[in-house]
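Below you'll find the structure, written out as structure tokens, and then a few comments.
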Amino acid sequence: MSADHTATAGVAIPNDLEAMWLPFTPNRQFKREPRLVSRAKDMHYYKPDGTAVLDATAGLWCSNAGHCRDHIVSAIQAQAAELDFAPSFQFGHPKSFELASRIADLAPGDLDHVFFCNSGSEAADSALKMAIAYHRANGEGSRTRLIGRERGYHGVGFGGISVGGMVANRKFFGPLLAGVDHLSHTYNRAEQAFTIGQPEWGVHLADELQRLVELHDASTIAAVIVEPMAGSTGVLPPPKGYLQRLREICDKHGILLIFDEVITGFGRLGYATAAERFGVTPDLLTFAKGVTSGAIPMGGVMVRKHIYEAFQTGPDHMIDLFHGYTYSGHPMAAAAGLATLDVYRDEGLFERARTLEPVIAEAAMSLKGHPLILDVRTIGLVAAVDLAGVDGLPGKRGFDAMRTAFEQENMMVRVSGDCIAFSPPLIVSKEQIAEIFEKFRRVLDKIA
Ligand SMILES: Cc1ncc(COP(=O)(O)O)c(C=O)c1O
């Protein structure tokens with residue numbers, strides 16, 4: 001409150017949008033012409049005036065089960081009345097253990113242990129810290145270097161932006177973590193444009209890891225972190241054989257492989273994890289978003305057995321990992337997670353995403369040939385289009401497309417620069433997939 005006001009809890013003041021500073025949003029434009037939703041059900045949001053908005057992006061890659069699903073809503077309501085909070089350090093409550101077991105059961109290989117946090121950013125930073133601490137626990141304390149990838153997104157913590165490769169997310173924030181290096185991103189339009197699924201071109205880019213090993217020496221490298229399918233940068237499916245090659249090089253040199261599955265986890269690519277889809281098991285796997293279908297914030301890290309066990313060596317009274325969050329495994333998040341996994345299982349939503357993969361691919365590829373479309377990429381229940389930019393104004397075309405879709409076509413899409421991504425809830429129907437791309441074609445015609 002400014003000096004001439006007395007802050008009094010509960011006093012009604014006019015809602016003029018000004019107090020809130022929105023994340024990753026141009027605030028002045030938004031406050032002039034806000035894009036508000038006030039209700040949601042299944043495949044739709046609703047504007048405050050009641051207009052239905054088709055959700056072509058699962059909120060923010062989160063709501064894989066669709067919105068306000070009865071089973072999830074009831075579980076959260078019941079949990080709120082039964083146990084609101086339980087401390088996560090030195091104490092526990094049954095549902096977080098049950099959820100960890102259910103998640104471990106969905107994970108490939110021996111990713112048998114689950115650490116909880118509250119977001120994808122926390123998951124990425126937790127995984128990076130665990131990797132460095134693991135090597136120390138293992139008698140290899142010199143392994144501290146972290147390797148990420150250009151165009152990677154691992155949230156907004158200092159660890160995540162340091163290994164991340166989205167320039168705008170890094171350049172404002174100083175020197176970041178020391179001892180980080182990056183692989184090249186895997187996109188090459190000349191070689192890959194209009195690919196459905198994994199591109200044929202690009203496996204050789206994984207060999208850059210070998211080059212970095214030769215530059216820094218394996219004894220200094222703790223871990224490599226990649227999104228198996230880069231999402232936020234504009235959907236870059238991995239070239240065929242790329243993830244396998246990274247795994248081989250990591251194994252050869254004792255480097256841990258971290259998959260950031262905050263977007264790809266829980267059905268987005270037709271499987272519980274991208275690791276399962278691509279047949280490559282990482283040593284640590286981060287998740288968030290889809291674990292609760294976005295209904296309550298939650299994130300986490302799945303960890304291989306030998307990594308967890310490396311920490312179980314000290315005196316019995318001693319904390320084994322000096323890391324955690326007040327809200328790790330929060331009762332409401334755990335209840336939402338359990339109910340969400342029930343919905344995925346009972347409605348076969350991962351399989352459904354697999355069945356719909358060719359449907360979204362065909363619908364998205366129908367945009368090829370439009371003068372504004374430079375590339376279309378699809379994999380799983382995901383599609384992305386690169387739009388021809390406006391000269392001198394990077395991101396303007398993408399922003400106009402997102403805004404026009406919401407204001408004139410009543411559809412929510414995700415914008416990243418001049419790329420638009422489509423990742424509807426896994427309950428989407430074939431008719432709604434067709435509707436998404438019919439609406440988007442009209443958007444393109446309007447902004448051309
Ligand atoms: C791969 C990946 N990692 C981390 C994050 C960060 O998640 P959050 O925004 O929940 O911190 C995201 C968010 O989109 C993501 O896509």
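Chain labels run A, B, ... following the order of the structure tokens; each chain numbers its residues from 1, and ligands are numbered from 1 in the order shown.
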
Legend entry - Near-ligand residues for ligand 1, threshold 8 Å, only C-alpha atoms and all ligand atoms, as a ChimeraX atom specification: /A:60-61,118-124,152-157,160,227,230-232,260-264,286-289,297-299

Inset, instruction - Tell me which protein, DNA and RNA residues are within 7 Å of range 190-194 of chain A, counting only C-alpha atoms, leaving out same-chain ones fewer than 5 positions away, and put them as a PyMOL selection string. - result: chain A and resi 199+201+375-377

Expected file: the selected residues, N, CA and C atoms, as a PDB file, in the first residue's frame:
```pdb
ATOM      1  N   PRO A 199      13.004 -36.425 -36.455  1.00  0.00           N
ATOM      2  CA  PRO A 199      13.741 -36.180 -37.697  1.00  0.00           C
ATOM      3  C   PRO A 199      14.821 -37.237 -37.932  1.00  0.00           C
ATOM      4  N   TRP A 201      17.579 -36.434 -39.482  1.00  0.00           N
ATOM      5  CA  TRP A 201      18.857 -35.709 -39.428  1.00  0.00           C
ATOM      6  C   TRP A 201      19.165 -35.243 -38.010  1.00  0.00           C
ATOM      7  N   ASP A 375       7.349 -23.823 -41.001  1.00  0.00           N
ATOM      8  CA  ASP A 375       7.597 -25.219 -40.639  1.00  0.00           C
ATOM      9  C   ASP A 375       6.458 -25.700 -39.745  1.00  0.00           C
ATOM     10  N   VAL A 376       6.201 -27.005 -39.798  1.00  0.00           N
ATOM     11  CA  VAL A 376       5.269 -27.660 -38.884  1.00  0.00           C
ATOM     12  C   VAL A 376       5.978 -28.884 -38.324  1.00  0.00           C
ATOM     13  N   ARG A 377       5.941 -29.052 -36.995  1.00  0.00           N
ATOM     14  CA  ARG A 377       6.551 -30.225 -36.369  1.00  0.00           C
ATOM     15  C   ARG A 377       5.505 -30.891 -35.480  1.00  0.00           C
TER      16      ARG A 377
END
```

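Among the candidates A:Arg345, A:Asp207, A:Met130, A:Ala56, the one nearest to Ile433 in chain A when counting only C-alpha atoms is A:Ala56.
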
Nearby residues (only C-alpha atoms) at most 8 Å from range 423-431 of chain A, same-chain spacing under 2 positions excluded, as a JSON list (two decimals) with N, CA and C atoms, in the first residue's frame:
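Once everything was written out, this is around-v7.json:
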```json
[["chain", "number", "residue", "atom", "x", "y", "z"],
["A", 42, "ASP", "N", -13.50, -29.57, -18.61],
["A", 42, "ASP", "CA", -13.08, -30.50, -19.67],
["A", 42, "ASP", "C", -12.17, -29.81, -20.70],
["A", 43, "MET", "N", -12.66, -29.61, -21.94],
["A", 43, "MET", "CA", -11.81, -29.07, -23.01],
["A", 43, "MET", "C", -11.90, -27.55, -23.13],
["A", 55, "ASP", "N", -9.50, -25.06, -25.38],
["A", 55, "ASP", "CA", -8.14, -25.11, -24.83],
["A", 55, "ASP", "C", -7.25, -25.99, -25.71],
["A", 56, "ALA", "N", -6.47, -25.37, -26.55],
["A", 56, "ALA", "CA", -5.59, -26.11, -27.46],
["A", 56, "ALA", "C", -4.19, -26.27, -26.88],
["A", 57, "THR", "N", -4.04, -25.97, -25.60],
["A", 57, "THR", "CA", -2.69, -26.00, -25.02],
["A", 57, "THR", "C", -2.63, -26.57, -23.59],
["A", 58, "ALA", "N", -3.75, -27.22, -23.18],
["A", 58, "ALA", "CA", -3.81, -27.80, -21.83],
["A", 58, "ALA", "C", -3.33, -26.78, -20.79],
["A", 61, "TRP", "N", 0.54, -26.58, -20.86],
["A", 61, "TRP", "CA", 1.07, -27.95, -20.96],
["A", 61, "TRP", "C", 0.77, -28.75, -19.68],
["A", 63, "SER", "N", -2.84, -29.45, -18.12],
["A", 63, "SER", "CA", -4.12, -30.08, -17.79],
["A", 63, "SER", "C", -4.39, -31.26, -18.72],
["A", 64, "ASN", "N", -3.54, -32.29, -18.60],
["A", 64, "ASN", "CA", -3.62, -33.42, -19.53],
["A", 64, "ASN", "C", -4.93, -34.19, -19.39],
["A", 65, "ALA", "N", -5.54, -34.18, -18.21],
["A", 65, "ALA", "CA", -6.81, -34.90, -18.02],
["A", 65, "ALA", "C", -8.01, -34.03, -18.35],
["A", 66, "GLY", "N", -7.77, -32.81, -18.82],
["A", 66, "GLY", "CA", -8.87, -31.85, -19.03],
["A", 66, "GLY", "C", -9.12, -31.11, -17.72],
["A", 267, "GLY", "N", 1.89, -38.63, -20.33],
["A", 267, "GLY", "CA", 1.03, -38.90, -21.47],
["A", 267, "GLY", "C", 1.19, -38.04, -22.69],
["A", 268, "ARG", "N", 1.94, -36.95, -22.61],
["A", 268, "ARG", "CA", 1.97, -36.01, -23.73],
["A", 268, "ARG", "C", 2.46, -36.67, -25.02],
["A", 349, "LEU", "N", -5.81, -42.63, -20.99],
["A", 349, "LEU", "CA", -5.50, -41.38, -21.71],
["A", 349, "LEU", "C", -4.13, -41.40, -22.40],
["A", 350, "PHE", "N", -3.16, -42.16, -21.85],
["A", 350, "PHE", "CA", -1.87, -42.21, -22.54],
["A", 350, "PHE", "C", -2.04, -42.93, -23.89],
["A", 352, "ARG", "N", -4.77, -43.12, -25.51],
["A", 352, "ARG", "CA", -5.59, -42.24, -26.35],
["A", 352, "ARG", "C", -4.70, -41.23, -27.09],
["A", 353, "ALA", "N", -3.70, -40.70, -26.37],
["A", 353, "ALA", "CA", -2.78, -39.75, -27.02],
["A", 353, "ALA", "C", -2.06, -40.43, -28.18],
["A", 356, "LEU", "N", -4.34, -40.67, -31.10],
["A", 356, "LEU", "CA", -4.63, -39.38, -31.74],
["A", 356, "LEU", "C", -3.39, -38.77, -32.42],
["A", 359, "VAL", "N", -3.69, -38.19, -36.01],
["A", 359, "VAL", "CA", -4.80, -37.26, -36.31],
["A", 359, "VAL", "C", -4.30, -35.82, -36.17],
["A", 381, "LEU", "N", 0.91, -35.99, -28.82],
["A", 381, "LEU", "CA", -0.24, -35.10, -28.96],
["A", 381, "LEU", "C", 0.24, -33.65, -28.88],
["A", 382, "VAL", "N", 1.20, -33.34, -29.75],
["A", 382, "VAL", "CA", 1.83, -32.02, -29.80],
["A", 382, "VAL", "C", 2.04, -31.63, -31.25],
["A", 383, "ALA", "N", 1.80, -30.37, -31.54],
["A", 383, "ALA", "CA", 2.15, -29.84, -32.86],
["A", 383, "ALA", "C", 2.65, -28.42, -32.66],
["A", 421, "ALA", "N", 2.48, -23.31, -30.38],
["A", 421, "ALA", "CA", 2.41, -24.74, -30.04],
["A", 421, "ALA", "C", 0.99, -25.13, -29.67],
["A", 433, "ILE", "N", -9.86, -31.62, -32.59],
["A", 433, "ILE", "CA", -8.55, -31.41, -33.24],
["A", 433, "ILE", "C", -8.78, -30.69, -34.58],
["A", 434, "ALA", "N", -9.78, -31.15, -35.33],
["A", 434, "ALA", "CA", -10.09, -30.49, -36.60],
["A", 434, "ALA", "C", -10.46, -29.03, -36.35],
["A", 435, "GLU", "N", -11.26, -28.81, -35.30],
["A", 435, "GLU", "CA", -11.71, -27.45, -34.98],
["A", 435, "GLU", "C", -10.51, -26.53, -34.65]]
```

Legend entry - Two-atom distance - CA of Phe322 in chain A, CA of Leu257 in chain A (Å):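 Distance between the two atoms: 21.6 Å.
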
Inset, instruction - Would you please work out which residue, of A:Val385, A:Leu215, A:Ala295, A:Leu372, is nearest to Asp445 in chain A when using only C-alpha atoms? - result: A:Leu372

Inset, instruction - Skip Met402 in chain A itself and residues of its chain fewer than 3 positions away, then list as number ranges by chain all residues within 8 Å of it, counting only C-alpha atoms. - result: A: 398-399, 405-406, 412-415, 420

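Minimum distance to Ala100 in chain A across A:Phe85, A:Phe116, A:Phe173, A:Tyr325 (counting only C-alpha atoms) occurs at A:Phe116.
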
Inset, instruction - Write out as a PyMOL selection string all residues of range 30-102 of chain A that backbone DSSP assigns to helix (DSSP H, G or I). - result: chain A and resi 30-32+58-61+70-82+94-102

For the residues in that selection, give me N, CA and C atoms as a PDB file, in the first residue's frame.
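Final output, saved to result.pdb:
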```pdb
ATOM      1  N   PHE A  30      -1.261  -6.236 -21.624  1.00  0.00           N
ATOM      2  CA  PHE A  30      -2.254  -7.113 -20.999  1.00  0.00           C
ATOM      3  C   PHE A  30      -3.276  -6.307 -20.211  1.00  0.00           C
ATOM      4  N   LYS A  31      -2.774  -5.306 -19.485  1.00  0.00           N
ATOM      5  CA  LYS A  31      -3.687  -4.565 -18.613  1.00  0.00           C
ATOM      6  C   LYS A  31      -4.615  -3.651 -19.418  1.00  0.00           C
ATOM      7  N   ARG A  32      -4.182  -3.288 -20.622  1.00  0.00           N
ATOM      8  CA  ARG A  32      -5.071  -2.543 -21.525  1.00  0.00           C
ATOM      9  C   ARG A  32      -6.143  -3.457 -22.111  1.00  0.00           C
ATOM     10  N   ALA A  58      -3.755 -27.221 -23.185  1.00  0.00           N
ATOM     11  CA  ALA A  58      -3.811 -27.803 -21.829  1.00  0.00           C
ATOM     12  C   ALA A  58      -3.332 -26.782 -20.789  1.00  0.00           C
ATOM     13  N   GLY A  59      -3.868 -25.580 -20.911  1.00  0.00           N
ATOM     14  CA  GLY A  59      -3.514 -24.508 -19.972  1.00  0.00           C
ATOM     15  C   GLY A  59      -2.121 -23.992 -20.274  1.00  0.00           C
ATOM     16  N   LEU A  60      -1.123 -24.660 -19.723  1.00  0.00           N
ATOM     17  CA  LEU A  60       0.287 -24.344 -19.996  1.00  0.00           C
ATOM     18  C   LEU A  60       1.010 -25.687 -19.999  1.00  0.00           C
ATOM     19  N   TRP A  61       0.544 -26.581 -20.857  1.00  0.00           N
ATOM     20  CA  TRP A  61       1.068 -27.954 -20.955  1.00  0.00           C
ATOM     21  C   TRP A  61       0.771 -28.749 -19.683  1.00  0.00           C
ATOM     22  N   ASP A  70     -14.256 -34.275 -12.268  1.00  0.00           N
ATOM     23  CA  ASP A  70     -14.951 -34.512 -10.998  1.00  0.00           C
ATOM     24  C   ASP A  70     -14.108 -35.302  -9.994  1.00  0.00           C
ATOM     25  N   HIS A  71     -13.462 -36.365 -10.482  1.00  0.00           N
ATOM     26  CA  HIS A  71     -12.719 -37.239  -9.557  1.00  0.00           C
ATOM     27  C   HIS A  71     -11.572 -36.468  -8.885  1.00  0.00           C
ATOM     28  N   ILE A  72     -10.921 -35.610  -9.661  1.00  0.00           N
ATOM     29  CA  ILE A  72      -9.789 -34.846  -9.120  1.00  0.00           C
ATOM     30  C   ILE A  72     -10.294 -33.759  -8.168  1.00  0.00           C
ATOM     31  N   VAL A  73     -11.368 -33.084  -8.583  1.00  0.00           N
ATOM     32  CA  VAL A  73     -11.946 -32.021  -7.739  1.00  0.00           C
ATOM     33  C   VAL A  73     -12.381 -32.600  -6.387  1.00  0.00           C
ATOM     34  N   SER A  74     -13.068 -33.750  -6.406  1.00  0.00           N
ATOM     35  CA  SER A  74     -13.547 -34.330  -5.136  1.00  0.00           C
ATOM     36  C   SER A  74     -12.383 -34.721  -4.251  1.00  0.00           C
ATOM     37  N   ALA A  75     -11.317 -35.264  -4.866  1.00  0.00           N
ATOM     38  CA  ALA A  75     -10.167 -35.693  -4.061  1.00  0.00           C
ATOM     39  C   ALA A  75      -9.535 -34.491  -3.361  1.00  0.00           C
ATOM     40  N   ILE A  76      -9.432 -33.389  -4.069  1.00  0.00           N
ATOM     41  CA  ILE A  76      -8.830 -32.183  -3.471  1.00  0.00           C
ATOM     42  C   ILE A  76      -9.735 -31.643  -2.365  1.00  0.00           C
ATOM     43  N   GLN A  77     -11.020 -31.615  -2.635  1.00  0.00           N
ATOM     44  CA  GLN A  77     -11.966 -31.092  -1.628  1.00  0.00           C
ATOM     45  C   GLN A  77     -11.914 -31.937  -0.360  1.00  0.00           C
ATOM     46  N   ALA A  78     -11.908 -33.255  -0.534  1.00  0.00           N
ATOM     47  CA  ALA A  78     -11.900 -34.143   0.639  1.00  0.00           C
ATOM     48  C   ALA A  78     -10.592 -33.971   1.416  1.00  0.00           C
ATOM     49  N   GLN A  79      -9.495 -33.853   0.670  1.00  0.00           N
ATOM     50  CA  GLN A  79      -8.192 -33.724   1.336  1.00  0.00           C
ATOM     51  C   GLN A  79      -8.094 -32.425   2.119  1.00  0.00           C
ATOM     52  N   ALA A  80      -8.656 -31.356   1.557  1.00  0.00           N
ATOM     53  CA  ALA A  80      -8.596 -30.053   2.234  1.00  0.00           C
ATOM     54  C   ALA A  80      -9.286 -30.122   3.592  1.00  0.00           C
ATOM     55  N   ALA A  81     -10.325 -30.931   3.675  1.00  0.00           N
ATOM     56  CA  ALA A  81     -11.063 -31.045   4.941  1.00  0.00           C
ATOM     57  C   ALA A  81     -10.411 -32.034   5.898  1.00  0.00           C
ATOM     58  N   GLU A  82      -9.589 -32.963   5.371  1.00  0.00           N
ATOM     59  CA  GLU A  82      -9.062 -34.035   6.228  1.00  0.00           C
ATOM     60  C   GLU A  82      -7.681 -33.713   6.815  1.00  0.00           C
ATOM     61  N   PRO A  94       0.426 -40.356   4.669  1.00  0.00           N
ATOM     62  CA  PRO A  94       0.385 -41.555   3.820  1.00  0.00           C
ATOM     63  C   PRO A  94       0.268 -41.279   2.322  1.00  0.00           C
ATOM     64  N   LYS A  95      -0.470 -40.252   1.919  1.00  0.00           N
ATOM     65  CA  LYS A  95      -0.760 -40.115   0.482  1.00  0.00           C
ATOM     66  C   LYS A  95       0.479 -39.783  -0.346  1.00  0.00           C
ATOM     67  N   SER A  96       1.446 -39.045   0.230  1.00  0.00           N
ATOM     68  CA  SER A  96       2.627 -38.730  -0.588  1.00  0.00           C
ATOM     69  C   SER A  96       3.441 -40.004  -0.846  1.00  0.00           C
ATOM     70  N   PHE A  97       3.451 -40.925   0.132  1.00  0.00           N
ATOM     71  CA  PHE A  97       4.169 -42.199  -0.086  1.00  0.00           C
ATOM     72  C   PHE A  97       3.457 -43.033  -1.150  1.00  0.00           C
ATOM     73  N   GLU A  98       2.119 -43.011  -1.065  1.00  0.00           N
ATOM     74  CA  GLU A  98       1.337 -43.780  -2.047  1.00  0.00           C
ATOM     75  C   GLU A  98       1.571 -43.225  -3.455  1.00  0.00           C
ATOM     76  N   LEU A  99       1.596 -41.886  -3.551  1.00  0.00           N
ATOM     77  CA  LEU A  99       1.811 -41.284  -4.876  1.00  0.00           C
ATOM     78  C   LEU A  99       3.219 -41.615  -5.392  1.00  0.00           C
ATOM     79  N   ALA A 100       4.202 -41.555  -4.512  1.00  0.00           N
ATOM     80  CA  ALA A 100       5.568 -41.889  -4.939  1.00  0.00           C
ATOM     81  C   ALA A 100       5.615 -43.317  -5.481  1.00  0.00           C
ATOM     82  N   SER A 101       4.953 -44.240  -4.800  1.00  0.00           N
ATOM     83  CA  SER A 101       4.949 -45.640  -5.275  1.00  0.00           C
ATOM     84  C   SER A 101       4.274 -45.745  -6.639  1.00  0.00           C
ATOM     85  N   ARG A 102       3.163 -45.027  -6.792  1.00  0.00           N
ATOM     86  CA  ARG A 102       2.439 -45.105  -8.084  1.00  0.00           C
ATOM     87  C   ARG A 102       3.277 -44.504  -9.206  1.00  0.00           C
TER      88      ARG A 102
END
```
